[in-house]
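Worksheet for the structure shown next.
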Amino acid sequence: MPLPAATLHFPHDRVLLSRTRLAYVHLRNLLTDAKRDRAARVFGFVAVWLPEELLLLYLQEGEVVNATATLDGVQFRALSIAEAIAMVPSAAEFGEICFYEADDEQLATMYWSQVLAPVAWPGELNVHDPSAVFAFLHATMHDGVLEVHAEDGGVNYGIVRNGVITRGFFADAGSAAPDIRLTALLAGGRIAERKKTRLYPVPPPLPVQAPPSMIQAYRDLMAAIVKRLVEGGMDGAPSVAEHARMMLVDRHPCLDRFSLTHPHPRDPVTDTPALSAAIGAWIGELLWTVVPQDGTKPEQLIGELARERRHMFQSAGLFDALPWKVEW
């Protein structure tokens with residue numbers, strides 16, 4: 001049985017890799033090539049059709065910054081970058097992949113239309129009547145995005161400002177004005193499900209996830225702090241660290257993926273400022289409760305254990321999130 005999202009295709013500019021069997025492409029090598037040459041670093045997306053799921057990797061300047069996945073082409077879920085890449089086998093027998101350059105505004109539009117709930121249409125509005133849809137947009141002076149799925153799987157976006165279609169991103173080539181193209185899409189075919197024509201508010205910029213390397217660096221730092229405390233005679237440090245983490249999860253949800261007892265925790269879907277704030281709060285809670293018996297001050301302990309990656313942690317904002325000034 002084919003994947004329900006197998007026919008989905010999205011607007012794009014330059015074709016960097018047309019839809020190709022996944023068996024002929026190594027995803028990690030493709031992503032490495034995308035960021036190797038500074039002049040060639042692009043904004044775009046990689047779509048991977050797996051047997052059971054469609055993955056979308058979003059790139060800015062050649063770097064993967066976010067990811068989503070869908071089973072049915074309608075409901076999407078946000079994924080961490082590491083989890084999304086790990087879902088693609090290195091020698092896949094089935095599946096397809098493509099790589100397209102796209103405008104950064106389009107990337108934000110795609111992402112937020114997948115993870116946000118749409119604006120509710122009035123119950124009496126016929127969303128397949130272009131004149132009714134455009135009249136509603138004008139009457140409400142809507143600012144946002146009109147998303148229309150074509151029968152062939154093409155996903156199209158009309159950018160709405162003050163109730164007027166000002167521009168658009170379309171899955172298939174064409175030269176007509178955006179409002180004319182959307183009129184044809186809304187009126188054509190036999191789309192019966194209202195969910196195929198959706199309305200959204202103005203999308204924020206595309207969110208940039210904390211990179212997997214930074215997440216791993218924070219895992220290593222927390223493990224090193226706990227290990228140092230245990231070696232210093234504080235045998236209860238692991239349980240105190242775990243209790244502190246659980247106590248902070250409501251305020252810092254990304255800590256839910258930082259269990260020190262789970263052998264292979266999945267990465268959180270979070271950005272760098274939120275991640276650094278969470279780790280700073282966790283370290284603060286732990287070292288206020290467990291004091292090294294040798295008299296080492298918390299700021300000295302952190303300085304010692306974070307020294308090797310201090311530039312990464314500094315740029316991520318960790319030291320600003322701590323209750324102490326780190327001593328080097």
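The way I read the labels, and the way they are meant: chains A, B, ... in the order of the structure tokens, residue 1 as the first residue of every chain, and ligand 1 as the first ligand shown, with later ones counted on from there.
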
Could you give me, as CSV, a per-residue list for stretch 21-82 of chain A showing, wherever an atom lies at most 10 Å from an atom of stretch 205-221 of chain A, the closest pair of atoms and their distance in Å to one decimal, using only C-alpha atoms and sorting by chain then residue number from low to high?
```
residue,atom,partner,partner_atom,distance
A:Tyr58,CA,A:Leu206,CA,8.7
A:Leu59,CA,A:Val208,CA,9.4
A:Gln60,CA,A:Val208,CA,8.9
A:Glu63,CA,A:Pro211,CA,9.4
A:Val64,CA,A:Pro211,CA,8.4
A:Val65,CA,A:Val208,CA,4.8
A:Asn66,CA,A:Gln209,CA,5.8
A:Ala67,CA,A:Gln209,CA,8.9
A:Leu79,CA,A:Gln209,CA,9.8
A:Ser80,CA,A:Gln209,CA,7.5
A:Ile81,CA,A:Pro212,CA,6.9
A:Ala82,CA,A:Pro212,CA,6.0
```

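The environment of A:Ala306 within 12 Å, counting only C-alpha atoms and disregarding residues fewer than 4 places along the same chain, consists of A:Ala217, A:Tyr218, A:Arg219, A:Asp220, A:Leu221, A:Met222, A:Ala223, A:Ala224, A:Ile225, A:Pro298, A:Glu299, A:Gln300, A:Leu301, A:Ile302, A:Arg310, A:His311, A:Met312, A:Phe313, A:Gln314, A:Leu318, A:Phe319, A:Val326, A:Glu327, A:Trp328.
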
Write the residues of the selection above to a file with N, CA and C atoms, as a PDB file, in the first residue's frame.
```pdb
ATOM      1  N   ALA A 217      27.064  17.861  23.544  1.00  0.00           N
ATOM      2  CA  ALA A 217      28.018  18.528  24.429  1.00  0.00           C
ATOM      3  C   ALA A 217      27.408  18.768  25.807  1.00  0.00           C
ATOM      4  N   TYR A 218      26.133  19.147  25.843  1.00  0.00           N
ATOM      5  CA  TYR A 218      25.464  19.357  27.127  1.00  0.00           C
ATOM      6  C   TYR A 218      25.263  18.027  27.863  1.00  0.00           C
ATOM      7  N   ARG A 219      24.964  16.967  27.138  1.00  0.00           N
ATOM      8  CA  ARG A 219      24.859  15.651  27.784  1.00  0.00           C
ATOM      9  C   ARG A 219      26.195  15.285  28.432  1.00  0.00           C
ATOM     10  N   ASP A 220      27.272  15.487  27.685  1.00  0.00           N
ATOM     11  CA  ASP A 220      28.604  15.150  28.199  1.00  0.00           C
ATOM     12  C   ASP A 220      28.952  15.987  29.429  1.00  0.00           C
ATOM     13  N   LEU A 221      28.594  17.266  29.394  1.00  0.00           N
ATOM     14  CA  LEU A 221      28.905  18.143  30.522  1.00  0.00           C
ATOM     15  C   LEU A 221      28.167  17.700  31.777  1.00  0.00           C
ATOM     16  N   MET A 222      26.871  17.398  31.650  1.00  0.00           N
ATOM     17  CA  MET A 222      26.107  16.979  32.827  1.00  0.00           C
ATOM     18  C   MET A 222      26.631  15.647  33.373  1.00  0.00           C
ATOM     19  N   ALA A 223      26.983  14.728  32.483  1.00  0.00           N
ATOM     20  CA  ALA A 223      27.526  13.446  32.934  1.00  0.00           C
ATOM     21  C   ALA A 223      28.859  13.659  33.647  1.00  0.00           C
ATOM     22  N   ALA A 224      29.681  14.585  33.153  1.00  0.00           N
ATOM     23  CA  ALA A 224      30.979  14.854  33.771  1.00  0.00           C
ATOM     24  C   ALA A 224      30.808  15.488  35.150  1.00  0.00           C
ATOM     25  N   ILE A 225      29.830  16.387  35.296  1.00  0.00           N
ATOM     26  CA  ILE A 225      29.588  17.016  36.606  1.00  0.00           C
ATOM     27  C   ILE A 225      29.168  15.968  37.626  1.00  0.00           C
ATOM     28  N   PRO A 298      31.349  25.794  43.015  1.00  0.00           N
ATOM     29  CA  PRO A 298      30.647  25.441  41.774  1.00  0.00           C
ATOM     30  C   PRO A 298      31.233  26.121  40.547  1.00  0.00           C
ATOM     31  N   GLU A 299      31.599  27.412  40.658  1.00  0.00           N
ATOM     32  CA  GLU A 299      32.137  28.120  39.506  1.00  0.00           C
ATOM     33  C   GLU A 299      33.487  27.564  39.064  1.00  0.00           C
ATOM     34  N   GLN A 300      34.260  27.028  40.020  1.00  0.00           N
ATOM     35  CA  GLN A 300      35.530  26.396  39.667  1.00  0.00           C
ATOM     36  C   GLN A 300      35.302  25.042  39.012  1.00  0.00           C
ATOM     37  N   LEU A 301      34.345  24.285  39.557  1.00  0.00           N
ATOM     38  CA  LEU A 301      34.036  22.969  38.994  1.00  0.00           C
ATOM     39  C   LEU A 301      33.563  23.092  37.550  1.00  0.00           C
ATOM     40  N   ILE A 302      32.659  24.019  37.290  1.00  0.00           N
ATOM     41  CA  ILE A 302      32.149  24.204  35.931  1.00  0.00           C
ATOM     42  C   ILE A 302      33.270  24.662  35.009  1.00  0.00           C
ATOM     43  N   ARG A 310      34.508  25.565  26.023  1.00  0.00           N
ATOM     44  CA  ARG A 310      34.040  26.835  26.585  1.00  0.00           C
ATOM     45  C   ARG A 310      33.545  27.807  25.517  1.00  0.00           C
ATOM     46  N   HIS A 311      34.162  27.773  24.341  1.00  0.00           N
ATOM     47  CA  HIS A 311      33.734  28.709  23.296  1.00  0.00           C
ATOM     48  C   HIS A 311      32.340  28.346  22.778  1.00  0.00           C
ATOM     49  N   MET A 312      32.070  27.052  22.631  1.00  0.00           N
ATOM     50  CA  MET A 312      30.737  26.615  22.231  1.00  0.00           C
ATOM     51  C   MET A 312      29.710  27.000  23.282  1.00  0.00           C
ATOM     52  N   PHE A 313      30.014  26.722  24.546  1.00  0.00           N
ATOM     53  CA  PHE A 313      29.071  27.033  25.615  1.00  0.00           C
ATOM     54  C   PHE A 313      28.863  28.542  25.761  1.00  0.00           C
ATOM     55  N   GLN A 314      29.936  29.300  25.572  1.00  0.00           N
ATOM     56  CA  GLN A 314      29.818  30.753  25.666  1.00  0.00           C
ATOM     57  C   GLN A 314      28.897  31.297  24.594  1.00  0.00           C
ATOM     58  N   LEU A 318      25.315  29.556  27.773  1.00  0.00           N
ATOM     59  CA  LEU A 318      25.232  28.776  29.005  1.00  0.00           C
ATOM     60  C   LEU A 318      25.717  29.569  30.210  1.00  0.00           C
ATOM     61  N   PHE A 319      26.843  30.231  30.085  1.00  0.00           N
ATOM     62  CA  PHE A 319      27.442  30.890  31.246  1.00  0.00           C
ATOM     63  C   PHE A 319      26.579  32.051  31.739  1.00  0.00           C
ATOM     64  N   VAL A 326      31.645  31.926  36.069  1.00  0.00           N
ATOM     65  CA  VAL A 326      32.582  30.811  35.953  1.00  0.00           C
ATOM     66  C   VAL A 326      34.011  31.313  36.077  1.00  0.00           C
ATOM     67  N   GLU A 327      34.808  30.565  36.824  1.00  0.00           N
ATOM     68  CA  GLU A 327      36.211  30.902  37.008  1.00  0.00           C
ATOM     69  C   GLU A 327      37.072  30.017  36.108  1.00  0.00           C
ATOM     70  N   TRP A 328      37.890  30.665  35.321  1.00  0.00           N
ATOM     71  CA  TRP A 328      38.794  29.942  34.436  1.00  0.00           C
ATOM     72  C   TRP A 328      40.206  29.932  35.025  1.00  0.00           C
TER      73      TRP A 328
END
```

Practice prompt. Give the helix (DSSP H, G or I) residues of stretch 84-191 of chain A, as assigned by DSSP on the backbone, as JSON, numbers by chain.
Written response: {"A": [84, 85, 86, 104, 105, 106, 107, 108, 109, 110, 111, 112, 113, 114, 115, 130, 131, 132, 133, 134, 135, 136, 137, 138, 139, 140, 178, 179, 180, 181, 182, 183, 184, 185, 186, 187]}

Store the residues of this selection in a file with N, CA and C atoms, as a tab-separated table (two decimals), in the first residue's frame.
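The result, stored in selection-v4.tsv:
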```tsv
chain	number	residue	atom	x	y	z
A	84	ALA	N	15.43	12.76	12.90
A	84	ALA	CA	15.01	12.72	11.51
A	84	ALA	C	16.07	12.07	10.62
A	85	ILE	N	17.32	12.47	10.80
A	85	ILE	CA	18.39	11.91	9.98
A	85	ILE	C	18.58	10.42	10.27
A	86	ALA	N	18.45	10.04	11.54
A	86	ALA	CA	18.61	8.64	11.91
A	86	ALA	C	17.53	7.75	11.33
A	104	ASP	N	13.53	31.61	1.81
A	104	ASP	CA	13.44	31.43	3.26
A	104	ASP	C	12.03	31.70	3.77
A	105	GLU	N	11.31	32.63	3.16
A	105	GLU	CA	9.93	32.89	3.55
A	105	GLU	C	9.07	31.66	3.28
A	106	GLN	N	9.32	30.99	2.16
A	106	GLN	CA	8.56	29.78	1.86
A	106	GLN	C	8.84	28.69	2.89
A	107	LEU	N	10.10	28.55	3.30
A	107	LEU	CA	10.44	27.53	4.29
A	107	LEU	C	9.69	27.77	5.60
A	108	ALA	N	9.64	29.03	6.03
A	108	ALA	CA	8.88	29.35	7.26
A	108	ALA	C	7.40	29.06	7.06
A	109	THR	N	6.88	29.38	5.87
A	109	THR	CA	5.47	29.13	5.57
A	109	THR	C	5.16	27.64	5.60
A	110	MET	N	6.02	26.84	4.98
A	110	MET	CA	5.84	25.39	4.99
A	110	MET	C	5.85	24.85	6.41
A	111	TYR	N	6.86	25.22	7.17
A	111	TYR	CA	7.02	24.65	8.52
A	111	TYR	C	5.84	24.99	9.41
A	112	TRP	N	5.48	26.27	9.48
A	112	TRP	CA	4.44	26.66	10.42
A	112	TRP	C	3.06	26.18	10.00
A	113	SER	N	2.83	26.02	8.69
A	113	SER	CA	1.55	25.47	8.25
A	113	SER	C	1.44	23.99	8.58
A	114	GLN	N	2.56	23.36	8.88
A	114	GLN	CA	2.55	21.95	9.25
A	114	GLN	C	2.39	21.74	10.76
A	115	VAL	N	2.88	22.67	11.56
A	115	VAL	CA	2.87	22.44	13.01
A	115	VAL	C	1.83	23.28	13.75
A	130	PRO	N	-13.99	30.24	-5.02
A	130	PRO	CA	-12.96	31.28	-4.90
A	130	PRO	C	-13.51	32.64	-4.52
A	131	SER	N	-14.64	33.02	-5.10
A	131	SER	CA	-15.18	34.34	-4.78
A	131	SER	C	-15.58	34.44	-3.31
A	132	ALA	N	-16.11	33.35	-2.74
A	132	ALA	CA	-16.49	33.35	-1.34
A	132	ALA	C	-15.26	33.41	-0.44
A	133	VAL	N	-14.22	32.66	-0.80
A	133	VAL	CA	-12.99	32.67	-0.01
A	133	VAL	C	-12.34	34.04	-0.03
A	134	PHE	N	-12.21	34.63	-1.24
A	134	PHE	CA	-11.56	35.94	-1.35
A	134	PHE	C	-12.39	37.02	-0.65
A	135	ALA	N	-13.71	36.90	-0.72
A	135	ALA	CA	-14.56	37.88	-0.03
A	135	ALA	C	-14.37	37.78	1.49
A	136	PHE	N	-14.25	36.55	2.00
A	136	PHE	CA	-14.02	36.37	3.43
A	136	PHE	C	-12.68	36.98	3.84
A	137	LEU	N	-11.64	36.73	3.06
A	137	LEU	CA	-10.32	37.29	3.38
A	137	LEU	C	-10.37	38.82	3.39
A	138	HIS	N	-11.05	39.39	2.41
A	138	HIS	CA	-11.14	40.84	2.32
A	138	HIS	C	-11.96	41.41	3.48
A	139	ALA	N	-13.05	40.75	3.81
A	139	ALA	CA	-13.92	41.25	4.88
A	139	ALA	C	-13.23	41.21	6.24
A	140	THR	N	-12.40	40.21	6.45
A	140	THR	CA	-11.70	40.08	7.73
A	140	THR	C	-10.35	40.76	7.72
A	178	PRO	N	-0.78	35.48	-8.81
A	178	PRO	CA	-1.09	34.55	-7.70
A	178	PRO	C	-2.58	34.37	-7.45
A	179	ASP	N	-3.38	35.45	-7.51
A	179	ASP	CA	-4.81	35.30	-7.23
A	179	ASP	C	-5.50	34.48	-8.30
A	180	ILE	N	-5.05	34.60	-9.55
A	180	ILE	CA	-5.64	33.82	-10.64
A	180	ILE	C	-5.30	32.34	-10.47
A	181	ARG	N	-4.05	32.05	-10.08
A	181	ARG	CA	-3.65	30.66	-9.90
A	181	ARG	C	-4.39	30.02	-8.73
A	182	LEU	N	-4.58	30.78	-7.65
A	182	LEU	CA	-5.32	30.25	-6.51
A	182	LEU	C	-6.80	30.06	-6.85
A	183	THR	N	-7.34	30.95	-7.68
A	183	THR	CA	-8.73	30.79	-8.12
A	183	THR	C	-8.92	29.46	-8.83
A	184	ALA	N	-7.98	29.13	-9.71
A	184	ALA	CA	-8.06	27.87	-10.45
A	184	ALA	C	-7.91	26.67	-9.52
A	185	LEU	N	-7.04	26.79	-8.53
A	185	LEU	CA	-6.83	25.68	-7.60
A	185	LEU	C	-8.04	25.46	-6.70
A	186	LEU	N	-8.64	26.55	-6.25
A	186	LEU	CA	-9.81	26.43	-5.38
A	186	LEU	C	-11.02	25.88	-6.11
A	187	ALA	N	-11.20	26.31	-7.35
A	187	ALA	CA	-12.39	25.91	-8.10
A	187	ALA	C	-12.24	24.57	-8.80
```

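Checking A:Tyr157, A:Tyr100, A:Phe258, A:Trp288 one by one against A:Arg198, counting only C-alpha atoms, you find the shortest gap at A:Tyr157.
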
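What separates atom CA of A:Thr270 from atom CA of A:Gln75 is a distance of 20.0 Å.
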
Discussion item. What parts of stretch 13-236 of chain A does DSSP call strand (DSSP E or B)? I'd like the answer as number ranges by chain.
Written reply: A: 15-21, 44-49, 54-60, 63-70, 76-79, 96-101, 119, 144-149, 154-161, 164-169, 197-201

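Each of A:Ala316, A:Ala6, A:Ala117, A:Leu255 was checked against A:Gly153 using only C-alpha atoms; the smallest atom-to-atom distance is that of A:Ala6.
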
Worksheet item: Could you name the residues that touch A:Pro89 at 12 Å or less, counting only C-alpha atoms, but leaving out those on the same chain fewer than 6 positions away, as a ChimeraX atom specification?
Response: /A:22-28,48-51,83,95-96

Output of the above residues as a PDB file, in the first residue's frame, restricted to N, CA and C atoms:
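The resulting file, result25.pdb, is reproduced below:
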```pdb
ATOM      1  N   LEU A  22      16.183   6.478  -3.196  1.00  0.00           N
ATOM      2  CA  LEU A  22      17.035   6.683  -2.029  1.00  0.00           C
ATOM      3  C   LEU A  22      18.246   5.752  -2.036  1.00  0.00           C
ATOM      4  N   ALA A  23      18.125   4.622  -2.696  1.00  0.00           N
ATOM      5  CA  ALA A  23      19.233   3.674  -2.759  1.00  0.00           C
ATOM      6  C   ALA A  23      20.462   4.265  -3.431  1.00  0.00           C
ATOM      7  N   TYR A  24      20.281   5.294  -4.255  1.00  0.00           N
ATOM      8  CA  TYR A  24      21.391   5.885  -4.998  1.00  0.00           C
ATOM      9  C   TYR A  24      21.981   7.116  -4.315  1.00  0.00           C
ATOM     10  N   VAL A  25      21.444   7.502  -3.153  1.00  0.00           N
ATOM     11  CA  VAL A  25      21.870   8.743  -2.497  1.00  0.00           C
ATOM     12  C   VAL A  25      22.190   8.455  -1.038  1.00  0.00           C
ATOM     13  N   HIS A  26      23.324   8.972  -0.571  1.00  0.00           N
ATOM     14  CA  HIS A  26      23.684   8.880   0.838  1.00  0.00           C
ATOM     15  C   HIS A  26      23.342  10.214   1.485  1.00  0.00           C
ATOM     16  N   LEU A  27      22.335  10.208   2.366  1.00  0.00           N
ATOM     17  CA  LEU A  27      21.804  11.455   2.907  1.00  0.00           C
ATOM     18  C   LEU A  27      22.873  12.270   3.630  1.00  0.00           C
ATOM     19  N   ARG A  28      23.655  11.642   4.490  1.00  0.00           N
ATOM     20  CA  ARG A  28      24.651  12.394   5.261  1.00  0.00           C
ATOM     21  C   ARG A  28      25.686  13.044   4.337  1.00  0.00           C
ATOM     22  N   VAL A  48      12.271  13.352   1.939  1.00  0.00           N
ATOM     23  CA  VAL A  48      12.607  11.927   1.882  1.00  0.00           C
ATOM     24  C   VAL A  48      11.325  11.130   2.056  1.00  0.00           C
ATOM     25  N   TRP A  49      10.951  10.392   1.016  1.00  0.00           N
ATOM     26  CA  TRP A  49       9.766   9.532   1.080  1.00  0.00           C
ATOM     27  C   TRP A  49      10.205   8.144   1.507  1.00  0.00           C
ATOM     28  N   LEU A  50       9.970   7.795   2.767  1.00  0.00           N
ATOM     29  CA  LEU A  50      10.240   6.460   3.282  1.00  0.00           C
ATOM     30  C   LEU A  50       8.995   5.590   3.099  1.00  0.00           C
ATOM     31  N   PRO A  51       9.116   4.279   3.263  1.00  0.00           N
ATOM     32  CA  PRO A  51       7.937   3.421   3.075  1.00  0.00           C
ATOM     33  C   PRO A  51       6.751   3.797   3.955  1.00  0.00           C
ATOM     34  N   GLU A  83      17.051  12.818  15.189  1.00  0.00           N
ATOM     35  CA  GLU A  83      16.060  11.756  15.035  1.00  0.00           C
ATOM     36  C   GLU A  83      15.626  11.625  13.583  1.00  0.00           C
ATOM     37  N   GLY A  95      12.281   3.875  -1.081  1.00  0.00           N
ATOM     38  CA  GLY A  95      12.213   5.283  -0.736  1.00  0.00           C
ATOM     39  C   GLY A  95      12.780   6.167  -1.821  1.00  0.00           C
ATOM     40  N   GLU A  96      12.453   7.455  -1.736  1.00  0.00           N
ATOM     41  CA  GLU A  96      12.932   8.434  -2.710  1.00  0.00           C
ATOM     42  C   GLU A  96      13.349   9.696  -1.974  1.00  0.00           C
TER      43      GLU A  96
END
```
